[in-house]
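S.K.: Coordinates in start.cif, mmCIF, C-alpha atoms, are listed below.
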```cif
data_entry
loop_
_atom_site.label_atom_id
_atom_site.label_comp_id
_atom_site.auth_asym_id
_atom_site.auth_seq_id
_atom_site.Cartn_x
_atom_site.Cartn_y
_atom_site.Cartn_z
CA MET A 302 148.80 80.21 157.05
CA GLY A 303 146.74 77.34 155.66
CA ASP A 304 149.70 76.00 153.66
CA ILE A 305 151.93 76.20 156.71
CA ARG A 306 149.39 74.35 158.86
CA GLU A 307 148.93 71.64 156.21
CA ALA A 308 152.69 71.06 155.91
CA ILE A 309 153.03 70.67 159.66
CA LEU A 310 150.03 68.34 159.94
CA ALA A 311 151.41 66.23 157.06
CA GLY A 312 154.45 65.45 159.19
CA ASP A 313 157.16 66.39 156.69
CA ARG A 314 160.00 68.04 158.61
CA THR A 315 162.58 68.45 155.82
CA GLU A 316 164.27 71.83 155.69
CA ALA A 317 163.50 72.24 151.98
CA THR A 318 159.75 71.92 152.55
CA TYR A 319 159.63 74.75 155.07
CA SER A 320 162.11 76.96 153.29
CA ALA A 321 159.85 76.79 150.23
CA LEU A 322 156.70 77.79 152.13
CA GLU A 323 155.59 81.37 151.64
CA VAL A 324 155.42 83.41 154.81
CA PRO A 325 152.28 85.57 154.82
CA ASP A 326 152.30 89.32 155.32
CA THR A 327 150.10 89.08 158.43
CA TYR A 328 149.16 86.58 161.10
CA ARG A 329 146.62 86.33 163.92
CA GLY A 330 147.84 87.13 167.39
CA VAL A 331 146.37 87.77 170.83
CA THR A 332 147.00 91.40 171.70
CA VAL A 333 146.43 94.18 174.17
CA HIS A 334 146.06 97.72 172.84
CA LYS A 335 148.00 100.75 174.01
CA ASP A 336 144.98 103.02 173.78
CA GLU A 337 143.15 100.80 176.31
CA VAL A 338 145.70 101.04 179.14
CA GLY A 339 143.19 103.01 181.24
CA LEU A 340 140.38 100.53 180.65
CA PHE A 341 140.26 99.27 184.25
CA GLU A 342 141.09 102.43 186.18
CA GLY A 343 139.37 102.50 189.56
CA ILE A 344 138.39 98.82 189.40
CA PRO A 345 139.79 96.40 192.04
CA SER A 346 142.32 93.92 190.63
CA ARG A 347 140.10 90.91 191.19
CA ASP A 348 137.29 92.48 189.16
CA LYS A 349 139.40 93.39 186.13
CA ASP A 350 138.30 91.18 183.24
CA PRO A 351 140.87 89.94 180.67
CA ARG A 352 138.01 89.13 178.31
CA LYS A 353 137.59 92.86 177.75
CA SER A 354 141.24 93.67 177.05
CA LEU A 355 142.58 90.67 175.12
CA HIS A 356 141.93 90.88 171.37
CA LEU A 357 142.53 88.58 168.42
CA ASP A 358 144.02 90.74 165.67
CA ASP A 359 145.68 90.40 162.29
CA VAL A 360 149.15 91.91 162.71
CA PRO A 361 152.14 92.31 160.34
CA VAL A 362 154.90 89.69 160.32
CA PRO A 363 158.06 91.42 161.62
CA GLU A 364 161.37 91.17 159.81
CA LEU A 365 163.79 88.73 161.41
CA ALA A 366 166.93 90.09 163.06
CA PRO A 367 170.24 88.23 163.38
CA GLY A 368 170.02 85.32 165.79
CA GLU A 369 166.23 85.06 165.61
CA ALA A 370 163.75 82.46 164.38
CA LEU A 371 160.22 82.71 163.06
CA VAL A 372 158.19 79.83 164.50
CA ALA A 373 154.82 78.53 163.33
CA VAL A 374 153.05 78.16 166.68
CA MET A 375 150.80 75.12 167.02
CA ALA A 376 149.90 75.72 170.67
CA SER A 377 150.65 78.03 173.56
CA ALA A 378 149.54 78.42 177.20
CA ILE A 379 148.38 80.95 179.77
CA ASN A 380 150.69 82.23 182.49
CA TYR A 381 150.17 84.82 185.21
CA ASN A 382 152.24 87.29 183.23
CA THR A 383 149.57 87.18 180.51
CA VAL A 384 146.97 87.95 183.17
CA TRP A 385 149.08 90.85 184.46
CA THR A 386 149.48 92.15 180.91
CA SER A 387 145.74 91.93 180.28
CA ILE A 388 144.77 93.90 183.39
CA PHE A 389 147.68 96.35 183.03
CA GLU A 390 149.12 95.50 186.47
CA PRO A 391 151.35 96.20 188.26
CA VAL A 392 152.28 98.42 185.29
CA SER A 393 151.37 98.51 181.64
CA THR A 394 153.68 96.34 179.53
CA PHE A 395 153.84 99.11 176.94
CA GLY A 396 156.40 100.76 179.21
CA PHE A 397 158.59 97.67 178.77
CA LEU A 398 158.20 97.83 174.99
CA GLU A 399 159.01 101.55 174.89
CA ARG A 400 162.20 101.09 176.92
CA TYR A 401 163.24 98.11 174.80
CA GLY A 402 162.58 100.09 171.65
CA ARG A 403 165.11 102.74 172.70
CA LEU A 404 167.89 100.13 172.87
CA SER A 405 168.57 99.80 169.12
CA PRO A 406 166.94 100.05 165.68
CA ILE A 407 166.29 96.28 165.83
CA ALA A 408 164.63 96.53 169.24
CA LYS A 409 162.50 99.41 167.93
CA ARG A 410 160.36 96.78 166.14
CA HIS A 411 158.87 95.86 169.52
CA ASP A 412 157.59 99.35 170.36
CA LEU A 413 154.15 99.18 168.76
CA PRO A 414 150.62 100.36 169.67
CA TYR A 415 149.73 96.69 170.23
CA HIS A 416 151.44 93.93 172.19
CA VAL A 417 151.29 90.31 170.99
CA VAL A 418 151.44 88.40 174.26
CA GLY A 419 152.30 84.89 175.45
CA SER A 420 155.42 83.30 176.94
CA ASP A 421 155.01 79.64 175.89
CA LEU A 422 154.93 77.88 172.54
CA ALA A 423 155.30 74.57 170.76
CA GLY A 424 155.67 74.61 167.00
CA VAL A 425 157.93 74.33 163.97
CA VAL A 426 160.73 76.63 162.82
CA LEU A 427 159.85 78.40 159.55
CA ARG A 428 162.74 80.79 159.07
CA THR A 429 165.98 81.76 160.79
CA GLY A 430 167.78 85.07 160.69
CA PRO A 431 171.42 85.74 159.82
CA GLY A 432 174.01 84.04 161.99
CA VAL A 433 171.88 81.03 163.02
CA HIS A 434 173.60 77.67 162.62
CA LEU A 435 172.10 75.12 165.02
CA TRP A 436 168.41 75.43 164.15
CA LYS A 437 166.89 74.78 160.73
CA PRO A 438 163.44 75.23 159.21
CA GLY A 439 161.35 72.14 159.97
CA ALA A 440 162.67 71.61 163.50
CA GLU A 441 159.99 70.82 166.11
CA VAL A 442 160.61 73.10 169.05
CA VAL A 443 159.39 74.51 172.31
CA ALA A 444 160.60 77.89 173.54
CA HIS A 445 161.63 79.17 176.93
CA CYS A 446 160.87 82.81 177.62
CA LEU A 447 164.25 84.39 178.43
CA SER A 448 165.13 87.05 175.86
CA VAL A 449 168.62 88.37 176.54
CA GLU A 450 171.04 90.60 174.61
CA LEU A 451 174.25 89.24 176.24
CA GLU A 452 176.38 92.26 175.35
CA SER A 453 177.24 92.97 178.99
CA ALA A 454 179.73 91.05 181.10
CA GLU A 455 177.18 90.62 183.90
CA GLY A 456 175.14 88.14 181.92
CA HIS A 457 177.88 85.70 181.07
CA GLY A 458 177.94 83.95 184.45
CA ASP A 459 174.16 83.73 184.62
CA THR A 460 172.07 85.19 181.81
CA MET A 461 169.32 86.09 184.28
CA LEU A 462 171.68 88.76 185.63
CA ASP A 463 172.15 90.44 182.26
CA PRO A 464 170.95 94.07 182.43
CA GLU A 465 169.13 93.56 179.12
CA GLN A 466 167.32 90.39 180.19
CA ARG A 467 163.60 90.35 179.40
CA ILE A 468 160.70 87.91 179.50
CA TRP A 469 159.60 87.22 175.95
CA GLY A 470 155.92 87.90 175.31
CA PHE A 471 155.71 90.03 178.47
CA GLU A 472 158.57 92.51 178.24
CA THR A 473 158.99 91.95 174.49
CA ASN A 474 156.54 91.81 171.61
CA PHE A 475 155.71 88.98 169.14
CA GLY A 476 154.84 86.42 171.84
CA GLY A 477 153.54 82.88 171.65
CA LEU A 478 149.75 83.34 171.79
CA ALA A 479 149.68 83.68 168.03
CA GLU A 480 149.97 81.77 164.76
CA LEU A 481 153.57 82.96 164.37
CA ALA A 482 156.14 84.10 166.93
CA VAL A 483 159.59 85.65 166.84
CA VAL A 484 162.15 84.30 169.31
CA LYS A 485 165.89 84.39 169.73
CA THR A 486 167.28 81.00 168.74
CA ASN A 487 168.88 80.64 172.17
CA GLN A 488 165.30 80.30 173.43
CA LEU A 489 164.66 77.16 171.39
CA MET A 490 164.65 73.61 172.78
CA PRO A 491 163.62 70.27 171.24
CA LYS A 492 159.93 69.41 171.54
CA PRO A 493 159.40 66.17 173.52
CA ALA A 494 158.27 63.69 170.87
CA HIS A 495 155.75 61.87 173.08
CA LEU A 496 153.64 64.96 173.76
CA SER A 497 150.95 66.68 171.76
CA TRP A 498 151.44 70.29 170.73
CA GLU A 499 149.36 71.67 173.59
CA GLU A 500 151.00 69.37 176.16
CA ALA A 501 154.48 70.34 174.97
CA ALA A 502 153.66 74.05 175.11
CA SER A 503 152.37 74.00 178.68
CA PRO A 504 155.47 73.29 180.85
CA GLY A 505 157.80 75.98 179.45
CA LEU A 506 157.66 79.02 181.71
CA VAL A 507 156.48 77.38 184.92
CA ASN A 508 158.62 74.25 184.62
CA SER A 509 161.79 76.27 184.08
CA THR A 510 160.86 78.74 186.82
CA ALA A 511 160.26 75.91 189.29
CA TYR A 512 163.54 74.24 188.31
CA ARG A 513 165.66 77.31 189.02
CA GLN A 514 163.75 78.22 192.17
CA LEU A 515 163.85 74.76 193.72
CA VAL A 516 166.60 72.63 192.15
CA SER A 517 169.27 74.89 190.68
CA ARG A 518 172.21 76.13 192.73
CA ASN A 519 170.96 79.60 191.77
CA GLY A 520 167.84 78.80 193.82
CA ALA A 521 167.32 76.52 196.79
CA GLY A 522 169.63 73.74 195.58
CA MET A 523 167.24 71.02 196.76
CA LYS A 524 168.88 67.74 197.74
CA LEU A 525 167.88 64.20 198.58
CA GLY A 526 165.96 64.06 201.86
CA ASP A 527 164.87 67.70 202.02
CA THR A 528 161.39 68.57 203.23
CA VAL A 529 159.84 71.15 200.91
CA LEU A 530 156.77 73.25 201.62
CA ILE A 531 155.00 73.96 198.32
CA TRP A 532 152.26 76.57 198.22
CA GLY A 533 149.61 76.11 195.53
CA ALA A 534 150.93 72.64 194.92
CA SER A 535 148.33 71.75 192.29
CA GLY A 536 148.74 75.00 190.33
CA GLY A 537 150.96 76.01 187.45
CA LEU A 538 154.20 76.49 189.39
CA GLY A 539 153.44 74.26 192.36
CA SER A 540 152.57 71.19 190.34
CA TYR A 541 156.02 71.19 188.74
CA ALA A 542 157.75 71.86 192.06
CA THR A 543 155.86 68.91 193.56
CA GLN A 544 156.99 66.60 190.76
CA MET A 545 160.61 67.77 191.04
CA ALA A 546 160.62 67.25 194.79
CA LEU A 547 159.35 63.71 194.36
CA ALA A 548 161.72 62.92 191.49
CA GLY A 549 164.67 64.33 193.46
CA GLY A 550 164.09 62.32 196.61
CA ALA A 551 162.68 65.16 198.68
CA THR A 552 159.44 65.14 200.66
CA PRO A 553 156.89 67.72 199.51
CA VAL A 554 154.39 69.17 201.95
CA CYS A 555 151.69 70.33 199.58
CA VAL A 556 149.43 73.25 200.48
CA VAL A 557 146.17 73.51 198.52
CA SER A 558 142.76 75.11 198.90
CA SER A 559 140.25 72.34 198.18
CA PRO A 560 139.76 68.56 198.46
CA GLU A 561 139.93 68.29 194.66
CA LYS A 562 143.33 69.95 194.61
CA ALA A 563 144.49 67.70 197.43
CA GLU A 564 143.58 64.66 195.35
CA ILE A 565 145.62 65.98 192.43
CA CYS A 566 148.67 66.19 194.69
CA ARG A 567 148.12 62.64 195.89
CA ALA A 568 147.77 61.52 192.27
CA MET A 569 151.23 62.99 191.64
CA GLY A 570 152.57 60.86 194.51
CA ALA A 571 152.59 63.36 197.37
CA GLU A 572 151.51 61.99 200.75
CA LEU A 573 151.64 65.09 202.97
CA VAL A 574 148.87 67.52 201.99
CA ILE A 575 147.32 70.46 203.83
CA ASP A 576 143.97 71.80 202.67
CA ARG A 577 144.32 75.31 204.05
CA THR A 578 140.65 76.13 203.43
CA ALA A 579 139.32 73.06 205.19
CA GLU A 580 141.66 73.66 208.14
CA GLY A 581 140.71 77.34 208.25
CA TYR A 582 144.10 79.04 208.20
CA ALA A 583 143.76 82.83 208.23
CA PHE A 584 147.21 84.41 208.36
CA TRP A 585 145.83 87.96 208.41
CA LYS A 586 143.42 89.35 211.01
CA ASP A 587 142.66 92.24 208.69
CA GLU A 588 144.27 94.00 205.72
CA ALA A 589 147.04 95.45 207.90
CA THR A 590 147.59 92.89 210.67
CA GLN A 591 149.00 89.37 210.51
CA ASP A 592 148.15 86.69 213.05
CA PRO A 593 151.30 84.95 214.40
CA SER A 594 149.15 82.43 216.26
CA GLU A 595 148.09 81.08 212.86
CA TRP A 596 151.72 80.76 211.81
CA LYS A 597 152.28 78.63 214.91
CA ARG A 598 149.20 76.52 214.27
CA PHE A 599 150.37 75.98 210.70
CA GLY A 600 153.87 75.01 211.87
CA LYS A 601 152.40 72.55 214.36
CA ARG A 602 150.36 70.93 211.58
CA ILE A 603 153.47 70.58 209.42
CA ARG A 604 155.32 68.82 212.25
CA GLU A 605 152.39 66.46 212.75
CA LEU A 606 152.63 65.44 209.10
CA THR A 607 156.43 65.18 208.95
CA GLY A 608 156.97 63.41 212.25
CA GLY A 609 158.44 66.48 213.90
CA LYS A 610 160.63 67.68 211.04
CA ASP A 611 160.62 71.37 210.12
CA ILE A 612 160.73 72.69 206.58
CA ASP A 613 164.10 72.85 204.80
CA ILE A 614 162.86 74.79 201.77
CA VAL A 615 159.75 76.87 201.19
CA PHE A 616 158.66 77.21 197.57
CA GLU A 617 157.02 80.65 197.80
CA HIS A 618 154.97 82.32 195.10
CA PRO A 619 151.68 83.59 196.64
CA GLY A 620 153.62 86.42 198.29
CA ARG A 621 151.95 88.84 200.66
CA GLU A 622 149.24 86.49 201.94
CA THR A 623 151.58 83.68 202.97
CA PHE A 624 155.08 85.10 203.33
CA GLY A 625 154.99 85.72 207.09
CA ALA A 626 153.95 82.11 207.68
CA SER A 627 156.62 80.87 205.26
CA VAL A 628 159.43 82.60 207.13
CA TYR A 629 158.12 81.34 210.47
CA VAL A 630 157.81 77.62 209.58
CA THR A 631 161.21 77.30 207.88
CA ARG A 632 163.77 75.42 209.95
CA LYS A 633 166.80 77.09 211.47
CA GLY A 634 169.25 77.63 208.61
CA GLY A 635 166.55 76.87 206.04
CA THR A 636 165.70 78.64 202.80
CA ILE A 637 162.70 80.51 201.45
CA THR A 638 162.77 80.94 197.67
CA THR A 639 160.32 83.45 196.28
CA CYS A 640 158.93 84.59 192.95
CA ALA A 641 155.70 85.90 191.40
CA SER A 642 153.79 87.17 194.49
CA THR A 643 150.37 86.54 192.99
CA SER A 644 148.56 87.70 196.17
CA GLY A 645 150.59 90.91 196.47
CA PHE A 646 154.13 92.18 196.06
CA MET A 647 154.56 93.92 199.44
CA HIS A 648 155.69 91.14 201.76
CA GLU A 649 155.68 91.41 205.56
CA TYR A 650 157.32 89.04 208.04
CA ASP A 651 158.79 89.07 211.51
CA ASN A 652 162.51 89.46 210.97
CA ARG A 653 163.36 87.87 214.33
CA TYR A 654 162.45 84.48 212.86
CA LEU A 655 164.77 85.14 209.92
CA TRP A 656 167.86 86.74 211.43
CA MET A 657 167.99 84.88 214.75
CA SER A 658 167.47 81.52 213.05
CA LEU A 659 169.91 82.18 210.21
CA LYS A 660 167.36 81.61 207.48
CA ARG A 661 167.81 82.79 203.91
CA ILE A 662 165.42 84.41 201.45
CA ILE A 663 166.36 83.90 197.80
CA GLY A 664 164.69 85.82 195.00
CA SER A 665 164.21 83.69 191.91
CA HIS A 666 163.09 84.81 188.47
CA PHE A 667 162.50 82.46 185.53
CA ALA A 668 165.68 80.56 184.47
CA ASN A 669 168.75 80.82 182.29
CA TYR A 670 169.05 78.79 179.08
CA ARG A 671 170.94 75.94 180.73
CA GLU A 672 168.37 75.65 183.52
CA ALA A 673 165.48 75.79 181.04
CA TRP A 674 167.15 73.12 178.90
CA GLU A 675 167.60 70.84 181.93
CA ALA A 676 163.97 71.39 182.95
CA ASN A 677 162.82 70.53 179.43
CA SER A 678 165.00 67.42 179.52
CA LEU A 679 163.15 66.24 182.64
CA VAL A 680 159.92 66.39 180.65
CA ASP A 681 161.50 64.64 177.66
CA ARG A 682 162.80 61.84 179.91
CA GLY A 683 159.43 61.32 181.61
CA LEU A 684 160.64 62.41 185.06
CA VAL A 685 158.30 65.42 185.02
CA HIS A 686 155.00 65.56 183.13
CA PRO A 687 152.76 68.31 181.78
CA THR A 688 150.02 69.47 184.11
CA LEU A 689 147.63 70.53 181.38
CA SER A 690 144.04 70.53 182.60
CA ARG A 691 142.13 72.29 179.83
CA THR A 692 142.77 73.68 176.36
CA TYR A 693 141.01 76.61 174.71
CA ARG A 694 140.83 77.87 171.15
CA MET A 695 142.73 81.07 170.45
CA GLU A 696 139.36 82.77 169.92
CA ASP A 697 138.55 82.05 173.57
CA VAL A 698 141.85 83.19 175.09
CA GLY A 699 140.12 85.91 177.11
CA GLN A 700 138.15 83.27 178.97
CA ALA A 701 141.31 81.20 179.49
CA ALA A 702 143.07 84.19 181.05
CA TYR A 703 139.99 85.00 183.11
CA ASP A 704 140.00 81.47 184.54
CA VAL A 705 143.64 81.81 185.58
CA HIS A 706 143.04 85.29 187.03
CA ARG A 707 140.14 84.00 189.14
CA ASN A 708 141.96 80.78 190.07
CA LEU A 709 139.29 78.66 188.41
CA HIS A 710 141.89 76.39 186.85
CA GLN A 711 144.18 73.53 187.83
CA GLY A 712 147.74 73.10 186.62
CA LYS A 713 148.20 74.80 183.26
CA VAL A 714 145.65 76.08 180.76
CA GLY A 715 146.60 75.55 177.11
CA VAL A 716 145.62 77.43 173.95
CA LEU A 717 145.46 75.99 170.42
CA THR A 718 146.85 78.42 167.86
CA LEU A 719 147.54 76.76 164.47
CA SER A 720 146.68 73.25 165.64
CA PRO A 721 143.07 72.54 164.64
CA GLU A 722 142.39 70.15 167.52
CA GLU A 723 143.88 68.60 170.63
CA GLY A 724 146.02 65.48 170.58
CA LEU A 725 148.07 66.22 167.46
CA GLY A 726 151.86 66.32 167.22
CA VAL A 727 152.79 63.04 168.94
CA SER A 728 155.65 61.44 166.99
CA ASP A 729 156.68 58.77 169.54
CA PRO A 730 153.49 56.93 170.55
CA GLU A 731 155.38 54.05 172.16
CA LYS A 732 157.12 56.40 174.57
CA ARG A 733 153.82 58.16 175.23
CA ALA A 734 152.14 54.89 176.13
CA ARG A 735 154.57 54.47 179.04
CA PHE A 736 153.46 57.78 180.58
CA GLU A 737 149.85 58.10 179.42
CA ARG A 738 148.37 58.07 182.92
CA GLU A 739 150.82 60.68 184.24
CA ILE A 740 150.33 62.94 181.22
CA ASN A 741 146.56 62.95 181.66
CA ARG A 742 146.20 63.18 185.44
CA PHE A 743 145.26 66.89 185.35
CA ARG A 744 142.84 66.56 182.45
CA ASP A 745 139.37 68.02 182.99
CA VAL A 746 139.93 68.49 186.72
#
```
What is this structure when it is put down as C-alpha cells?
M.R.:
Amino acid sequence: MGDIREAILAGDRTEATYSALEVPDTYRGVTVHKDEVGLFEGIPSRDKDPRKSLHLDDVPVPELAPGEALVAVMASAINYNTVWTSIFEPVSTFGFLERYGRLSPIAKRHDLPYHVVGSDLAGVVLRTGPGVHLWKPGAEVVAHCLSVELESAEGHGDTMLDPEQRIWGFETNFGGLAELAVVKTNQLMPKPAHLSWEEAASPGLVNSTAYRQLVSRNGAGMKLGDTVLIWGASGGLGSYATQMALAGGATPVCVVSSPEKAEICRAMGAELVIDRTAEGYAFWKDEATQDPSEWKRFGKRIRELTGGKDIDIVFEHPGRETFGASVYVTRKGGTITTCASTSGFMHEYDNRYLWMSLKRIIGSHFANYREAWEANSLVDRGLVHPTLSRTYRMEDVGQAAYDVHRNLHQGKVGVLTLSPEEGLGVSDPEKRARFEREINRFRDV
C-alpha cells in the first residue's frame, strides 16, 4: 500500500504507472463482524456505541468481476447508513450480504463473516475488470453508492427501480471506509479538481440523495420561486438541500436546533431560519400522542417568515418526530418528499390535511447514475460546495460514527484512509481560490 500511496502523492496519473503497481494481497478496512450482531441486544438505540462494533482489520483483496474497478481510496466519509450498520439497526446488514450472495457466484464474494462498510470515496483507479472501456488506471474519481445489476427491464427507466438495486457499502461489501474499495464502474464520476481528497469524498451520498429528493423530476421537481422547508438544514442532507434551493432560485426555510446551526445556514445564504429548540416546538405530547396545536404554531411561524406564503415542498428526513408537522404545514397541492427517517421509521400524520388538500408524499431513495452525475457536476462547477466540518483518521472511525449517531457533528464528517493528512489532492488551485470561503464555511464548527 505504501507504493500505491507514494504514486498517488507524487501526482503521476499515467495509466502505465498504475498498471505497473503491485496490488497487495490484503488491505485495511473498517468492518463490522457477523459474530457480534447481538452485541447491543436490550440496549436503547441512542445508547448503542459504534466505537465498540467498528473494527479496523486487514482483509483480503477480492478478485474483480466484469464491469468493476479497484480504487485506491484516499478519503471517505460517515453517513447514517454506516451508523445503522454499526448498531445493527433496523436490521443487521449481514442479511443483505447473504441475500446478495445467493444471486450469483460473483455476488457470493460479498457474503463474508465481516462487512467492509462505507458509501463514499475519493481516490484513484488502480485496476478495472473485463469489459470496462471508459475508465483507466490513474483516473481521479469519486463514487456514488448505487450498485445495480440492470438485468431486469424495471431498472432501465430509472435504475433506482431495479429489483437488484443496492447501496454500496451498506447492502454490499467492500465499501469506501478502507484503503481499497471495489465498485461497479457505473458508480464512478470525475473528482472535482479544486477539492482535497476528503472534501471530494464528503458530498457523494448526501449530495446525490438531496438532488433526487428535491430537484429531480423523480422527487419534488423544485422550480424557481418555490418555498422549501428543510429539516436539519445544517446537517449532512439538509446542508446540500439548502444550497440547491438557493442555487435554484427557491427560498429555503431552514429548521435547526441551535444558534450555531442557524448561523451556518445564514453563512450559506439562507435568510429564513427557525431554531426549533429556542422556540420550544414539541410535536409530541408523549411517545404515543402528537400535539396538533404545535403544528399550527409552527405553521404560523413559517407564515411570519415568508410573508404569508405556505410551504411548496418539505424536505423530510427526520421521520417520525416531524412528519405530522410536515404534512400539516405544506400548502394545498404541495409536496412532501421523504427519506431516511433518522428519528423513527413509523410515521404518523392526520390524513385529512393530506387528502382534503391534495398534497403528495413522495418516497425518495438515493439517486440514479444520471442524477448522481448531475449532483457531482454542481460541486465541480462551484454551485454547491462540500459541507465538511471535521476529518478523522481511519483509526478513529468509531468516534466519527459515534459523533454522527449522537448528532454531535455539523455537515459531513470525513475520514482519511490512504491520504496521510488533510488538504492533499487539489490539482486546480486557481479554481479553488474562487471558492475558498464557501468550501471552508463548515470547518471546525
S.K.: Between CA of Ala479 (chain A) and CA of Arg352 (chain A), what distance in Å does the model show, to one decimal?
M.R.: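 According to the coordinates, CA of Ala479 (chain A) and CA of Arg352 (chain A) are separated by 16.5 Å.
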S.K.: Could you pull the residues within 10 Å of region 659-667 of chain A, counting all atoms listed in the file, minus those fewer than 6 positions along the same chain, as a VMD selection string?
M.R.: chain A and resid 445 to 447 461 to 462 468 506 to 515 519 to 521 613 to 615 617 to 618 628 to 629 631 to 641 652 to 653 673
S.K.: As an exercise, work out the distance from CA of Ala494 (chain A) to CA of Gly330 (chain A) in Å and give it to one decimal place.
M.R.: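 It comes out at 25.9 Å.
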S.K.: Pull out every residue that the PyMOL selection byres ((chain A and resi 303-307) around 10) matches in the shown coordinates and put them as a PDB file with C-alpha atoms, keeping the file's coordinate frame.
M.R.:
```pdb
ATOM      1  CA  MET A 302     148.800  80.210 157.050  1.00  0.00           C
ATOM      2  CA  ALA A 308     152.690  71.060 155.910  1.00  0.00           C
ATOM      3  CA  ILE A 309     153.030  70.670 159.660  1.00  0.00           C
ATOM      4  CA  LEU A 310     150.030  68.340 159.940  1.00  0.00           C
ATOM      5  CA  ALA A 311     151.410  66.230 157.060  1.00  0.00           C
ATOM      6  CA  GLY A 312     154.450  65.450 159.190  1.00  0.00           C
ATOM      7  CA  ASP A 313     157.160  66.390 156.690  1.00  0.00           C
ATOM      8  CA  THR A 318     159.750  71.920 152.550  1.00  0.00           C
ATOM      9  CA  TYR A 319     159.630  74.750 155.070  1.00  0.00           C
ATOM     10  CA  LEU A 322     156.700  77.790 152.130  1.00  0.00           C
ATOM     11  CA  GLU A 323     155.590  81.370 151.640  1.00  0.00           C
ATOM     12  CA  VAL A 324     155.420  83.410 154.810  1.00  0.00           C
ATOM     13  CA  PRO A 325     152.280  85.570 154.820  1.00  0.00           C
ATOM     14  CA  ALA A 373     154.820  78.530 163.330  1.00  0.00           C
ATOM     15  CA  VAL A 374     153.050  78.160 166.680  1.00  0.00           C
ATOM     16  CA  MET A 375     150.800  75.120 167.020  1.00  0.00           C
ATOM     17  CA  VAL A 425     157.930  74.330 163.970  1.00  0.00           C
ATOM     18  CA  LEU A 427     159.850  78.400 159.550  1.00  0.00           C
ATOM     19  CA  GLU A 480     149.970  81.770 164.760  1.00  0.00           C
ATOM     20  CA  LEU A 719     147.540  76.760 164.470  1.00  0.00           C
ATOM     21  CA  SER A 720     146.680  73.250 165.640  1.00  0.00           C
ATOM     22  CA  PRO A 721     143.070  72.540 164.640  1.00  0.00           C
TER      23      PRO A 721
END
```
S.K.: Determine the residue set returned by the PyMOL selection byres ((chain A and resi 398-414) around 8) for the present structure, and present it as a VMD selection string.
M.R.: chain A and resid 334 to 336 363 366 394 to 397 415 to 416 472 to 475
S.K.: Around (172.6, 96.6, 182.8), as given in the file, which residues come within 8 Å? Count only C-alpha atoms and list them as a ChimeraX atom specification.
M.R.: /A:453,455,463-465
S.K.: Please expand the PyMOL selection byres ((chain A and resi 559) around 12) into the concrete residues it hits in this file, giving the result as an mmCIF file with C-alpha atoms, in the frame of the given file.
M.R.:
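Once written, part-v3.cif looks like this:
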```
data_model
loop_
_atom_site.group_PDB
_atom_site.id
_atom_site.type_symbol
_atom_site.label_atom_id
_atom_site.label_comp_id
_atom_site.auth_asym_id
_atom_site.auth_seq_id
_atom_site.Cartn_x
_atom_site.Cartn_y
_atom_site.Cartn_z
ATOM 1 C CA GLY A 533 149.610 76.110 195.530
ATOM 2 C CA ALA A 534 150.930 72.640 194.920
ATOM 3 C CA SER A 535 148.330 71.750 192.290
ATOM 4 C CA GLY A 536 148.740 75.000 190.330
ATOM 5 C CA CYS A 555 151.690 70.330 199.580
ATOM 6 C CA VAL A 556 149.430 73.250 200.480
ATOM 7 C CA VAL A 557 146.170 73.510 198.520
ATOM 8 C CA SER A 558 142.760 75.110 198.900
ATOM 9 C CA PRO A 560 139.760 68.560 198.460
ATOM 10 C CA GLU A 561 139.930 68.290 194.660
ATOM 11 C CA LYS A 562 143.330 69.950 194.610
ATOM 12 C CA ALA A 563 144.490 67.700 197.430
ATOM 13 C CA GLU A 564 143.580 64.660 195.350
ATOM 14 C CA ILE A 565 145.620 65.980 192.430
ATOM 15 C CA CYS A 566 148.670 66.190 194.690
ATOM 16 C CA VAL A 574 148.870 67.520 201.990
ATOM 17 C CA ILE A 575 147.320 70.460 203.830
ATOM 18 C CA ASP A 576 143.970 71.800 202.670
ATOM 19 C CA ARG A 577 144.320 75.310 204.050
ATOM 20 C CA THR A 578 140.650 76.130 203.430
ATOM 21 C CA ALA A 579 139.320 73.060 205.190
ATOM 22 C CA GLU A 580 141.660 73.660 208.140
ATOM 23 C CA GLY A 581 140.710 77.340 208.250
ATOM 24 C CA ASN A 708 141.960 80.780 190.070
ATOM 25 C CA LEU A 709 139.290 78.660 188.410
ATOM 26 C CA GLN A 711 144.180 73.530 187.830
#
```
S.K.: When you count only C-alpha atoms, which of these residues is closest to Ser540 (chain A): A:Gly609, A:Thr386, A:Ala701, A:Ala571?
M.R.: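 Of all the options, A:Ala571 lies closest to Ser540 (chain A).
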S.K.: Which residues, protein or nucleic acid, reach to within 7 Å of (162.4, 71.4, 161.6) in the file's coordinates when using all atoms listed in the file, and can you give that as a compact mmCIF listing (two decimals) with C-alpha atoms, keeping the file's coordinate frame?
M.R.:
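Produced file selection22.txt, reproduced below:
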```txt
# COMPACT_ATOMS: atom_id res chain seq x y z
CA ARG A 314 160.00 68.04 158.61
CA THR A 315 162.58 68.45 155.82
CA GLU A 316 164.27 71.83 155.69
CA VAL A 425 157.93 74.33 163.97
CA VAL A 426 160.73 76.63 162.82
CA LYS A 437 166.89 74.78 160.73
CA PRO A 438 163.44 75.23 159.21
CA GLY A 439 161.35 72.14 159.97
CA ALA A 440 162.67 71.61 163.50
CA GLU A 441 159.99 70.82 166.11
```
S.K.: Between A:Ala482, A:Ala626, A:Val685, A:Ile740, which one has atoms that come closest to Glu364 (chain A), using all atoms listed in the file?
M.R.: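 Among A:Ala482, A:Ala626, A:Val685, A:Ile740, it is A:Ala482 that comes nearest to Glu364 (chain A).
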S.K.: To test the calculation: enclose all listed atoms of region 638-651 of chain A in a box whose edges run along x, y and z, add 8 Å on each side, then state centre and edge lengths in Å to one decimal, as lines of an AutoDock Vina configuration file.
M.R.:
```
center_x = 155.7
center_y = 87.4
center_z = 201.5
size_x = 30.2
size_y = 29.0
size_z = 36.1
```
S.K.: Compare A:Ser728, A:Ser387, A:Ser346, A:Thr460 by their minimum atom-to-atom distance to Gln700 (chain A), counting only C-alpha atoms, and give me the closest one.
M.R.: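 Smallest distance to Gln700 (chain A) is found for A:Ser387.
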